[in-house]
$ cat final27.cif   # mmCIF, C-alpha atoms
data_run
#
loop_
_atom_site.label_atom_id
_atom_site.label_comp_id
_atom_site.auth_asym_id
_atom_site.auth_seq_id
_atom_site.Cartn_x
_atom_site.Cartn_y
_atom_site.Cartn_z
CA ASP N 1 93.60 89.87 235.89
CA VAL N 2 89.88 89.71 236.82
CA GLY N 3 89.49 86.70 234.57
CA GLY N 4 92.17 84.78 236.42
CA ASN N 5 94.73 85.04 233.61
CA LEU N 6 98.40 85.45 234.44
CA ILE N 7 99.60 88.74 232.92
CA GLY N 8 102.82 89.24 234.82
CA ASN N 9 105.08 87.65 237.36
CA VAL N 10 108.39 87.88 239.18
CA THR N 11 110.50 84.73 239.05
CA GLY N 12 113.62 83.89 241.02
CA ASN N 13 115.91 81.16 239.70
CA ILE N 14 117.67 79.53 242.62
CA ASN N 15 120.10 77.55 240.45
CA ASN N 16 121.74 80.50 238.74
CA SER N 17 120.60 83.24 241.14
CA THR N 18 118.73 85.39 238.62
CA LEU N 19 115.58 87.45 239.05
CA LEU N 20 113.14 87.80 236.14
CA LEU N 21 110.26 90.26 235.66
CA GLN N 22 107.68 89.26 233.07
CA THR N 23 104.64 90.98 231.58
CA GLY N 24 102.31 89.83 228.83
CA GLY N 25 104.01 86.44 228.84
CA TYR N 26 107.42 87.91 227.98
CA GLU N 27 110.52 88.57 230.01
CA ARG N 28 111.11 92.32 230.31
CA ILE N 29 113.84 92.70 232.95
CA ARG N 30 116.51 90.32 234.20
CA ILE N 31 118.87 90.82 237.12
CA ALA N 32 121.75 88.39 236.69
CA SER N 33 123.70 86.71 239.47
CA ASP N 34 126.51 89.28 239.18
CA GLY N 35 124.05 92.17 239.63
CA LYS N 36 123.98 93.17 235.95
CA ILE N 37 120.56 94.33 234.76
CA GLY N 38 119.18 93.44 231.34
CA ILE N 39 116.15 95.26 229.91
CA GLY N 40 114.89 93.69 226.71
CA THR N 41 117.67 91.10 226.82
CA ASP N 42 118.22 87.90 228.81
CA SER N 43 122.02 88.17 228.55
CA PRO N 44 123.22 91.55 229.82
CA ASP N 45 126.70 92.40 228.53
CA SER N 46 129.52 91.70 230.96
CA ASP N 47 130.81 95.28 230.50
CA ALA N 48 127.46 96.90 231.34
CA TYR N 49 125.77 97.41 234.69
CA ILE N 50 122.52 98.12 232.81
CA HIS N 51 122.07 96.73 229.28
CA ILE N 52 119.03 97.90 227.32
CA VAL N 53 117.97 96.38 224.01
CA GLY N 54 114.98 97.78 222.15
CA GLN N 55 113.66 99.01 218.84
CA ASP N 56 115.46 101.66 216.78
CA ASN N 57 114.93 105.20 218.03
CA GLY N 58 114.56 103.93 221.60
CA LYS N 59 115.02 106.43 224.41
CA ILE N 60 115.71 106.76 228.11
CA ILE N 61 113.61 109.81 229.08
CA LEU N 62 114.44 111.96 232.12
CA GLU N 63 111.92 114.58 233.29
CA ASP N 64 111.30 116.89 236.25
CA SER N 65 107.88 116.34 237.89
CA SER N 66 107.96 119.43 240.10
CA ASN N 67 105.63 122.45 239.75
CA ASN N 68 102.58 120.21 239.20
CA GLY N 69 104.02 118.82 236.00
CA ALA N 70 104.67 122.23 234.41
CA ASN N 71 108.39 121.48 234.28
CA LEU N 72 108.07 118.28 232.25
CA ARG N 73 110.57 118.34 229.39
CA LYS N 74 111.50 115.55 227.00
CA ASN N 75 115.17 115.11 227.90
CA TYR N 76 116.55 111.80 226.73
CA ILE N 77 119.42 109.57 225.74
CA GLY N 78 118.62 107.51 222.66
CA ILE N 79 119.81 105.77 219.53
CA VAL N 80 118.98 106.37 215.85
CA ASN N 81 119.70 103.92 213.02
CA SER N 82 121.39 101.45 215.37
CA ASP N 83 124.78 103.15 215.76
CA ASN N 84 124.06 106.86 216.37
CA LEU N 85 123.85 108.07 219.97
CA VAL N 86 121.54 111.02 220.66
CA LEU N 87 121.76 113.22 223.75
CA ALA N 88 118.76 115.58 223.78
CA ALA N 89 117.51 118.36 226.05
CA ASP N 90 113.95 119.72 225.87
CA GLU N 91 113.05 117.82 222.69
CA ASP N 92 109.58 119.42 222.57
CA ASN N 93 111.09 122.94 222.88
CA LEU N 94 108.97 123.93 225.88
CA GLY N 95 111.75 125.66 227.81
CA SER N 96 113.26 129.06 227.09
CA SER N 97 116.93 128.42 227.85
CA SER N 98 117.64 124.70 227.53
CA SER N 99 121.20 123.40 227.48
CA ILE N 100 123.33 120.28 227.65
CA ARG N 101 126.04 120.47 230.30
CA PHE N 102 129.13 118.36 230.96
CA ARG N 103 130.52 118.28 234.50
CA ILE N 104 133.80 116.92 235.88
CA ASP N 105 134.92 116.99 239.53
CA ALA N 106 131.79 118.88 240.69
CA ASP N 107 132.34 121.68 238.15
CA GLU N 108 130.81 122.41 234.76
CA LYS N 109 133.39 122.21 231.98
CA VAL N 110 131.39 122.37 228.71
CA ARG N 111 127.94 123.71 227.83
CA ILE N 112 125.88 123.59 224.63
CA SER N 113 123.26 126.32 224.83
CA SER N 114 119.84 126.39 223.17
CA ASN N 115 121.12 128.57 220.31
CA GLY N 116 123.77 125.97 219.45
CA ARG N 117 126.69 127.85 220.95
CA ILE N 118 129.40 125.85 222.71
CA GLY N 119 131.07 127.19 225.83
CA ILE N 120 134.27 125.66 227.21
CA GLY N 121 135.06 127.08 230.64
CA THR N 122 132.09 129.45 230.45
CA VAL N 123 128.37 129.01 231.14
CA SER N 124 127.33 131.83 228.77
CA PRO N 125 129.03 131.36 225.39
CA GLY N 126 128.94 134.57 223.38
CA SER N 127 129.75 133.05 219.99
CA THR N 128 129.56 129.77 218.09
CA LEU N 129 132.59 128.44 220.02
CA HIS N 130 133.63 130.34 223.15
CA THR N 131 136.55 129.20 225.30
CA TYR N 132 137.46 130.84 228.61
CA SER N 133 140.31 130.21 230.99
CA GLU N 134 141.52 132.05 234.09
CA GLY N 135 145.05 131.00 233.14
CA ALA N 136 146.82 130.71 229.81
CA ALA N 137 144.47 129.58 227.04
CA HIS N 138 145.73 127.42 224.19
CA VAL N 139 144.15 125.77 221.16
CA VAL N 140 146.33 123.04 219.66
CA LEU N 141 146.02 121.46 216.20
CA HIS N 142 148.36 118.48 216.20
CA GLU N 143 148.98 116.19 213.24
CA SER N 144 150.56 113.16 214.90
CA ALA N 145 151.12 110.80 211.96
CA GLY N 146 153.89 112.92 210.45
CA GLY N 147 152.68 112.61 206.85
CA TYR N 148 149.84 115.14 206.62
CA ASP N 149 149.30 118.90 206.73
CA CYS N 150 147.74 120.66 209.71
CA ARG N 151 145.34 123.45 208.74
CA LEU N 152 142.96 126.01 210.15
CA ARG N 153 140.32 127.01 207.59
CA ILE N 154 138.18 130.15 207.89
CA LYS N 155 135.49 130.02 205.20
CA ALA N 156 133.15 132.89 204.33
CA PRO N 157 130.83 133.82 201.41
CA SER N 158 132.48 135.24 198.29
CA ASN N 159 131.38 138.79 199.15
CA ARG N 160 132.42 138.77 202.83
CA TYR N 161 135.53 138.77 205.02
CA SER N 162 137.44 135.90 206.56
CA GLN N 163 139.37 137.26 209.51
CA LEU N 164 141.30 136.70 212.71
CA GLU N 165 140.57 139.14 215.53
CA PHE N 166 142.95 140.02 218.35
CA ALA N 167 141.07 141.50 221.30
CA ASP N 168 141.77 142.84 224.78
CA ASP N 169 139.40 143.83 227.62
CA ASP N 170 138.06 146.86 225.73
CA ALA N 171 137.55 145.83 222.10
CA ASP N 172 139.20 144.23 219.11
CA ALA N 173 142.71 145.66 219.00
CA GLY N 174 143.87 144.20 215.71
CA GLU N 175 142.82 141.96 212.84
CA ILE N 176 144.06 140.04 209.85
CA ARG N 177 141.38 140.21 207.15
CA TYR N 178 140.89 138.60 203.75
CA PHE N 179 138.23 140.30 201.59
CA HIS N 180 136.92 137.75 199.12
CA THR N 181 135.29 140.19 196.69
CA ASP N 182 138.57 141.91 195.77
CA ASN N 183 140.89 139.12 196.99
CA TYR N 184 143.15 141.25 199.16
CA MET N 185 144.60 140.66 202.64
CA SER N 186 144.98 143.49 205.15
CA PHE N 187 146.63 143.84 208.54
CA HIS N 188 145.07 146.08 211.20
CA VAL N 189 146.60 147.33 214.48
CA ASN N 190 145.86 149.87 217.24
CA SER N 191 142.04 149.91 217.28
CA ASN N 192 141.79 148.13 213.94
CA GLN N 193 143.48 150.72 211.78
CA GLU N 194 144.66 149.24 208.49
CA ARG N 195 148.43 149.52 208.12
CA VAL N 196 149.40 146.95 205.49
CA ARG N 197 147.57 145.57 202.48
CA ILE N 198 148.51 142.90 199.92
CA ASN N 199 146.26 143.10 196.89
CA SER N 200 145.24 140.40 194.43
CA SER N 201 148.28 141.17 192.24
CA GLY N 202 150.66 140.60 195.15
CA HIS N 203 151.47 144.31 195.46
CA VAL N 204 152.25 145.51 198.99
CA MET N 205 151.01 148.83 200.37
CA ILE N 206 152.02 150.28 203.75
CA GLY N 207 150.00 153.16 205.16
CA THR N 208 147.72 153.23 202.11
CA ASP N 209 145.23 151.09 200.25
CA THR N 210 146.20 152.59 196.88
CA GLU N 211 149.20 151.25 194.98
CA GLY N 212 151.83 153.53 193.40
CA PHE N 213 151.36 154.96 189.93
CA ALA N 214 154.88 154.51 188.57
CA THR N 215 154.96 152.25 185.54
CA TYR N 216 157.30 149.77 187.18
CA GLY N 217 157.14 150.91 190.80
CA ASP N 218 153.73 149.75 191.99
CA GLN N 219 154.78 146.42 193.52
CA PHE N 220 155.71 148.12 196.81
CA THR N 221 154.12 151.39 197.98
CA ILE N 222 154.66 153.37 201.19
CA ALA N 223 152.47 156.38 201.99
CA ASP N 224 151.92 158.76 204.90
CA SER N 225 150.18 162.09 205.49
CA GLY N 226 153.51 163.59 206.60
CA HIS N 227 157.12 162.69 205.91
CA CYS N 228 157.54 159.26 204.35
CA GLY N 229 160.52 156.99 203.95
CA MET N 230 162.04 153.57 204.37
CA THR N 231 165.04 152.52 206.45
CA ILE N 232 167.15 149.44 205.84
CA ARG N 233 169.45 148.85 208.82
CA SER N 234 172.04 146.16 209.27
CA GLY N 235 173.27 144.80 212.57
CA THR N 236 176.91 145.80 212.02
#
$ encode --input "final27.cif" --output "C-alpha coordinates"
Amino acid sequence: DVGGNLIGNVTGNINNSTLLLQTGGYERIRIASDGKIGIGTDSPDSDAYIHIVGQDNGKIILEDSSNNGANLRKNYIGIVNSDNLVLAADEDNLGSSSSIRFRIDADEKVRISSNGRIGIGTVSPGSTLHTYSEGAAHVVLHESAGGYDCRLRIKAPSNRYSQLEFADDDADAGEIRYFHTDNYMSFHVNSNQERVRINSSGHVMIGTDTEGFATYGDQFTIADSGHCGMTIRSGT
(Lines of atoms letter the chains of each structure in order from A and count residues from 1; the text may use other names and numbers.)
(Lines give C-alpha, C1' and ligand atoms only; values in the text may rest on other atoms or scores of the structure.)
Protein backbone atom coordinates (compact mmCIF):
# COMPACT_ATOMS: atom_id res chain seq x y z
CA ASP A 1 0.00 0.00 0.00
CA VAL A 2 1.09 3.68 0.17
CA GLY A 3 2.85 2.97 3.43
CA GLY A 4 4.97 0.26 1.87
CA ASN A 5 3.15 -2.60 3.62
CA LEU A 6 2.61 -5.88 1.81
CA ILE A 7 -1.15 -6.50 1.58
CA GLY A 8 -1.24 -9.15 -1.10
CA ASN A 9 0.95 -11.27 -3.30
CA VAL A 10 1.05 -14.09 -5.82
CA THR A 11 3.49 -16.88 -5.01
CA GLY A 12 4.63 -19.73 -7.21
CA ASN A 13 6.16 -22.79 -5.54
CA ILE A 14 8.62 -24.38 -7.94
CA ASN A 15 9.09 -27.53 -5.85
CA ASN A 16 5.49 -28.69 -5.89
CA SER A 17 4.25 -26.55 -8.80
CA THR A 18 1.52 -24.67 -6.93
CA LEU A 19 0.33 -21.10 -7.33
CA LEU A 20 -0.88 -19.16 -4.29
CA LEU A 21 -2.87 -15.90 -4.10
CA GLN A 22 -2.71 -14.09 -0.77
CA THR A 23 -4.45 -11.02 0.64
CA GLY A 24 -4.27 -9.51 4.11
CA GLY A 25 -1.49 -11.94 5.00
CA TYR A 26 -3.68 -15.00 4.34
CA GLU A 27 -3.83 -17.48 1.51
CA ARG A 28 -7.13 -17.10 -0.37
CA ILE A 29 -6.72 -19.20 -3.53
CA ARG A 30 -4.45 -22.11 -4.38
CA ILE A 31 -3.98 -23.77 -7.76
CA ALA A 32 -2.42 -27.17 -7.14
CA SER A 33 -0.01 -28.98 -9.44
CA ASP A 34 -2.83 -31.11 -10.88
CA GLY A 35 -4.85 -28.00 -11.79
CA LYS A 36 -7.32 -28.30 -8.91
CA ILE A 37 -8.37 -24.95 -7.45
CA GLY A 38 -8.85 -24.40 -3.72
CA ILE A 39 -10.66 -21.31 -2.41
CA GLY A 40 -10.45 -21.00 1.35
CA THR A 41 -8.50 -24.26 1.57
CA ASP A 42 -4.88 -25.20 0.91
CA SER A 43 -5.78 -28.82 0.10
CA PRO A 44 -8.42 -28.97 -2.65
CA ASP A 45 -10.23 -32.31 -2.70
CA SER A 46 -8.97 -34.78 -5.28
CA ASP A 47 -12.55 -35.24 -6.59
CA ALA A 48 -13.14 -31.51 -7.13
CA TYR A 49 -11.90 -29.22 -9.88
CA ILE A 50 -12.87 -26.25 -7.68
CA HIS A 51 -13.09 -26.73 -3.90
CA ILE A 52 -14.54 -23.86 -1.86
CA VAL A 53 -14.45 -23.76 1.93
CA GLY A 54 -16.07 -20.87 3.78
CA GLN A 55 -18.41 -19.86 6.56
CA ASP A 56 -21.92 -21.30 6.91
CA ASN A 57 -24.45 -19.75 4.55
CA GLY A 58 -21.73 -19.11 1.98
CA LYS A 59 -22.81 -18.49 -1.60
CA ILE A 60 -21.60 -18.46 -5.19
CA ILE A 61 -23.59 -15.58 -6.71
CA LEU A 62 -24.31 -15.35 -10.45
CA GLU A 63 -25.77 -12.13 -11.88
CA ASP A 64 -26.46 -10.50 -15.25
CA SER A 65 -24.77 -7.09 -15.64
CA SER A 66 -26.57 -6.07 -18.82
CA ASN A 67 -29.08 -3.18 -19.11
CA ASN A 68 -26.88 -0.88 -16.99
CA GLY A 69 -27.23 -3.12 -13.97
CA ALA A 70 -31.05 -3.20 -14.05
CA ASN A 71 -30.98 -6.96 -14.57
CA LEU A 72 -28.96 -7.74 -11.45
CA ARG A 73 -30.62 -10.59 -9.55
CA LYS A 74 -29.29 -12.53 -6.58
CA ASN A 75 -29.04 -16.01 -8.12
CA TYR A 76 -26.81 -18.31 -6.14
CA ILE A 77 -25.67 -21.74 -5.11
CA GLY A 78 -25.05 -21.97 -1.37
CA ILE A 79 -25.02 -24.04 1.79
CA VAL A 80 -27.02 -23.71 5.03
CA ASN A 81 -26.17 -25.45 8.31
CA SER A 82 -23.20 -27.26 6.77
CA ASP A 83 -25.04 -30.04 4.92
CA ASN A 84 -27.97 -28.37 3.11
CA LEU A 85 -27.47 -27.29 -0.51
CA VAL A 86 -29.46 -24.27 -1.69
CA LEU A 87 -30.12 -23.45 -5.34
CA ALA A 88 -31.77 -20.01 -5.54
CA ALA A 89 -33.08 -17.79 -8.32
CA ASP A 90 -33.85 -14.09 -7.82
CA GLU A 91 -33.40 -14.20 -4.02
CA ASP A 92 -34.38 -10.52 -3.68
CA ASN A 93 -37.59 -11.08 -5.70
CA LEU A 94 -36.87 -8.32 -8.22
CA GLY A 95 -37.98 -10.25 -11.30
CA SER A 96 -41.54 -11.02 -12.36
CA SER A 97 -41.17 -14.56 -13.69
CA SER A 98 -38.10 -16.17 -12.14
CA SER A 99 -37.49 -19.89 -12.48
CA ILE A 100 -34.95 -22.64 -11.95
CA ARG A 101 -34.36 -24.76 -15.04
CA PHE A 102 -32.65 -28.10 -15.57
CA ARG A 103 -31.25 -28.86 -19.02
CA ILE A 104 -29.91 -32.10 -20.54
CA ASP A 105 -28.56 -32.55 -24.08
CA ALA A 106 -29.30 -28.92 -25.07
CA ASP A 107 -32.96 -29.21 -24.04
CA GLU A 108 -34.85 -28.12 -20.94
CA LYS A 109 -36.26 -31.10 -19.04
CA VAL A 110 -37.51 -29.69 -15.70
CA ARG A 111 -38.59 -26.21 -14.59
CA ILE A 112 -39.56 -24.80 -11.19
CA SER A 113 -41.52 -21.61 -11.78
CA SER A 114 -41.81 -18.59 -9.49
CA ASN A 115 -45.17 -19.78 -8.11
CA GLY A 116 -43.61 -23.07 -6.99
CA ARG A 117 -45.07 -25.18 -9.79
CA ILE A 118 -42.92 -27.95 -11.24
CA GLY A 119 -43.00 -28.72 -14.95
CA ILE A 120 -41.51 -31.92 -16.37
CA GLY A 121 -41.41 -31.78 -20.16
CA THR A 122 -43.17 -28.40 -20.17
CA VAL A 123 -41.94 -24.82 -19.69
CA SER A 124 -45.32 -23.56 -18.44
CA PRO A 125 -46.61 -25.85 -15.68
CA GLY A 126 -50.32 -25.34 -15.12
CA SER A 127 -50.55 -27.04 -11.72
CA THR A 128 -48.42 -27.94 -8.71
CA LEU A 129 -46.85 -30.84 -10.67
CA HIS A 130 -47.34 -30.87 -14.44
CA THR A 131 -45.82 -33.58 -16.63
CA TYR A 132 -45.98 -33.52 -20.42
CA SER A 133 -44.80 -36.00 -23.00
CA GLU A 134 -45.27 -36.22 -26.77
CA GLY A 135 -45.26 -40.00 -26.39
CA ALA A 136 -46.70 -42.31 -23.77
CA ALA A 137 -46.55 -40.79 -20.29
CA HIS A 138 -46.05 -42.97 -17.23
CA VAL A 139 -45.66 -42.35 -13.51
CA VAL A 140 -44.19 -45.33 -11.66
CA LEU A 141 -44.24 -45.98 -7.90
CA HIS A 142 -41.92 -48.92 -7.32
CA GLU A 143 -41.25 -50.55 -3.96
CA SER A 144 -38.06 -52.50 -4.65
CA ALA A 145 -37.31 -54.08 -1.26
CA GLY A 146 -40.26 -56.48 -1.43
CA GLY A 147 -41.36 -55.99 2.18
CA TYR A 148 -43.30 -52.71 2.11
CA ASP A 149 -46.52 -51.29 0.68
CA CYS A 150 -46.57 -48.88 -2.26
CA ARG A 151 -49.12 -46.09 -1.89
CA LEU A 152 -50.45 -42.97 -3.55
CA ARG A 153 -52.07 -40.63 -1.01
CA ILE A 154 -54.42 -37.79 -1.97
CA LYS A 155 -55.08 -35.69 1.14
CA ALA A 156 -57.67 -32.91 1.38
CA PRO A 157 -59.41 -30.95 4.18
CA SER A 158 -62.27 -32.71 5.99
CA ASN A 159 -64.90 -30.68 4.11
CA ARG A 160 -63.44 -31.07 0.60
CA TYR A 161 -62.95 -33.69 -2.12
CA SER A 162 -60.01 -35.94 -2.84
CA GLN A 163 -60.22 -36.98 -6.47
CA LEU A 164 -58.62 -38.44 -9.57
CA GLU A 165 -59.47 -36.70 -12.83
CA PHE A 166 -59.38 -38.30 -16.27
CA ALA A 167 -59.15 -35.66 -18.99
CA ASP A 168 -58.94 -35.44 -22.78
CA ASP A 169 -58.26 -32.47 -25.09
CA ASP A 170 -61.57 -30.78 -24.26
CA ALA A 171 -62.14 -31.13 -20.51
CA ASP A 172 -62.26 -33.58 -17.65
CA ALA A 173 -64.08 -36.63 -18.99
CA GLY A 174 -64.38 -38.63 -15.79
CA GLU A 175 -63.47 -38.63 -12.12
CA ILE A 176 -63.23 -40.76 -9.01
CA ARG A 177 -64.16 -38.60 -6.02
CA TYR A 178 -64.12 -39.07 -2.25
CA PHE A 179 -66.18 -36.48 -0.34
CA HIS A 180 -64.79 -36.23 3.17
CA THR A 181 -67.77 -34.50 4.78
CA ASP A 182 -70.17 -37.39 4.10
CA ASN A 183 -67.51 -40.06 3.53
CA TYR A 184 -68.79 -41.37 0.21
CA MET A 185 -66.97 -42.32 -3.00
CA SER A 186 -68.46 -41.60 -6.42
CA PHE A 187 -67.55 -42.54 -9.98
CA HIS A 188 -68.17 -40.08 -12.82
CA VAL A 189 -68.09 -40.70 -16.60
CA ASN A 190 -69.05 -38.94 -19.85
CA SER A 191 -68.52 -35.27 -18.95
CA ASN A 192 -68.33 -36.00 -15.23
CA GLN A 193 -71.82 -37.37 -14.74
CA GLU A 194 -72.10 -39.39 -11.55
CA ARG A 195 -73.05 -42.99 -12.27
CA VAL A 196 -72.04 -44.96 -9.17
CA ARG A 197 -71.85 -44.03 -5.51
CA ILE A 198 -70.71 -45.98 -2.44
CA ASN A 199 -71.87 -44.28 0.74
CA SER A 200 -70.38 -44.35 4.22
CA SER A 201 -72.45 -47.44 5.11
CA GLY A 202 -71.03 -49.37 2.15
CA HIS A 203 -74.32 -49.22 0.23
CA VAL A 204 -73.97 -49.11 -3.56
CA MET A 205 -76.16 -46.90 -5.77
CA ILE A 206 -76.13 -46.97 -9.58
CA GLY A 207 -77.79 -44.12 -11.45
CA THR A 208 -78.84 -42.42 -8.20
CA ASP A 209 -77.38 -40.85 -5.11
CA THR A 210 -80.31 -41.99 -2.94
CA GLU A 211 -80.38 -45.49 -1.48
CA GLY A 212 -83.47 -47.72 -1.62
CA PHE A 213 -86.17 -47.51 1.02
CA ALA A 214 -86.87 -51.21 1.52
CA THR A 215 -86.18 -52.32 5.07
CA TYR A 216 -83.60 -54.88 4.00
CA GLY A 217 -83.03 -53.86 0.38
CA ASP A 218 -80.99 -50.67 0.62
CA GLN A 219 -77.52 -52.21 0.31
CA PHE A 220 -77.75 -52.16 -3.51
CA THR A 221 -79.92 -49.67 -5.42
CA ILE A 222 -80.38 -49.19 -9.18
CA ALA A 223 -82.39 -46.25 -10.51
CA ASP A 224 -83.18 -44.68 -13.88
CA SER A 225 -85.63 -42.13 -15.27
CA GLY A 226 -86.97 -44.78 -17.66
CA HIS A 227 -86.99 -48.56 -17.60
CA CYS A 228 -84.67 -50.03 -14.99
CA GLY A 229 -83.26 -53.49 -14.49
CA MET A 230 -80.25 -55.69 -13.91
CA THR A 231 -78.85 -58.46 -16.09
CA ILE A 232 -76.68 -61.31 -14.88
CA ARG A 233 -75.21 -63.16 -17.86
CA SER A 234 -72.99 -66.20 -17.86
CA GLY A 235 -70.53 -67.15 -20.56
CA THR A 236 -72.19 -70.50 -21.36
$ residues_around --input "final27.cif" --residues "region 217-225 of chain N" --least-positions-apart "2" --cutoff "6 Å" --atoms "only C-alpha atoms" --output "list in words"
His203, Val204, Met205, Ile206, Gly207, Thr208, Glu211, Gly212, Ala214, Thr215 and Cys228 of chain N
$ axis_aligned_box --input "final27.cif" --around "region 193-212 of chain N" --padding-each-side "5 Å" --output "AutoDock Vina command-line options"
--center_x 147.9 --center_y 147.0 --center_z 202.0 --size_x 18.8 --size_y 23.1 --size_z 29.5
$ residues_near_point --input "final27.cif" --point "(110.5, 125.3, 224.3)" --cutoff "12 Å" --atoms "all atoms listed in the file" --output "list of chain:residue names"
N:Asn71, N:Leu72, N:Arg73, N:Lys74, N:Asn75, N:Ala89, N:Asp90, N:Glu91, N:Asp92, N:Asn93, N:Leu94, N:Gly95, N:Ser96, N:Ser97, N:Ser98, N:Ser99, N:Ser114, N:Asn115
$ residues_around --input "final27.cif" --residues "region 26-35 of chain N" --least-positions-apart "5" --cutoff "9 Å" --atoms "all atoms listed in the file" --output "number ranges by chain"
N: 8, 16-21, 40-44, 49
$ residues_around --input "final27.cif" --residues "His130 (chain N)" --least-positions-apart "4" --cutoff "8 Å" --atoms "all atoms listed in the file" --output "PyMOL selection string"
chain N and resi 117-120+122+125-126
$ atom_distance --input "final27.cif" --atom1 "CA of Arg111 (chain N)" --atom2 "CA of Leu62 (chain N)"
18.4 Å
$ atom_distance --input "final27.cif" --atom1 "CA of Ser186 (chain N)" --atom2 "CA of Ala156 (chain N)"
15.9 Å
$ resolve_selection --input "final27.cif" --expression "the PyMOL selection byres ((chain N and resi 177) around 6)" --output "PyMOL selection string"
chain N and resi 162-163+176+178+185-186
$ atom_distance --input "final27.cif" --atom1 "CA of Tyr148 (chain N)" --atom2 "CA of Thr131 (chain N)"
26.9 Å
$ residues_near_point --input "final27.cif" --point "(145.9, 142.3, 200.1)" --cutoff "7 Å" --atoms "all atoms listed in the file" --output "VMD selection string"
chain N and resid 183 to 186 197 to 200
$ resolve_selection --input "final27.cif" --expression "the PyMOL selection byres ((chain N and resi 81) around 12)" --output "list in words"
Gly54, Gln55, Asp56, Asn57, Gly58, Gly78, Ile79, Val80, Ser82, Asp83, Asn84, Leu85 and Val86 of chain N
$ closest_residue --input "final27.cif" --among "N:Asn67, N:Ser46, N:Gly121, N:Asp149" --to "Ala137 (chain N)" --atoms "all atoms listed in the file"
N:Gly121
$ closest_residue --input "final27.cif" --among "N:Leu129, N:Ser234, N:Asp182, N:Gly116" --to "Ser201 (chain N)" --atoms "only C-alpha atoms"
N:Asp182
$ resolve_selection --input "final27.cif" --expression "the PyMOL selection byres ((chain N and resi 160) around 9)" --output "number ranges by chain"
N: 156-159, 161-162, 178-181
$ write_last_selection --input "final27.cif" --atoms "C-alpha atoms" --output "PDB file, in the coordinates of the input"
ATOM      1  CA  ALA N 156     133.150 132.890 204.330  1.00  0.00           C
ATOM      2  CA  PRO N 157     130.830 133.820 201.410  1.00  0.00           C
ATOM      3  CA  SER N 158     132.480 135.240 198.290  1.00  0.00           C
ATOM      4  CA  ASN N 159     131.380 138.790 199.150  1.00  0.00           C
ATOM      5  CA  TYR N 161     135.530 138.770 205.020  1.00  0.00           C
ATOM      6  CA  SER N 162     137.440 135.900 206.560  1.00  0.00           C
ATOM      7  CA  TYR N 178     140.890 138.600 203.750  1.00  0.00           C
ATOM      8  CA  PHE N 179     138.230 140.300 201.590  1.00  0.00           C
ATOM      9  CA  HIS N 180     136.920 137.750 199.120  1.00  0.00           C
ATOM     10  CA  THR N 181     135.290 140.190 196.690  1.00  0.00           C
TER      11      THR N 181
END
$ closest_residue --input "final27.cif" --among "N:Leu152, N:Lys109, N:Asn192, N:Asn9" --to "Ser124 (chain N)" --atoms "only C-alpha atoms"
N:Lys109
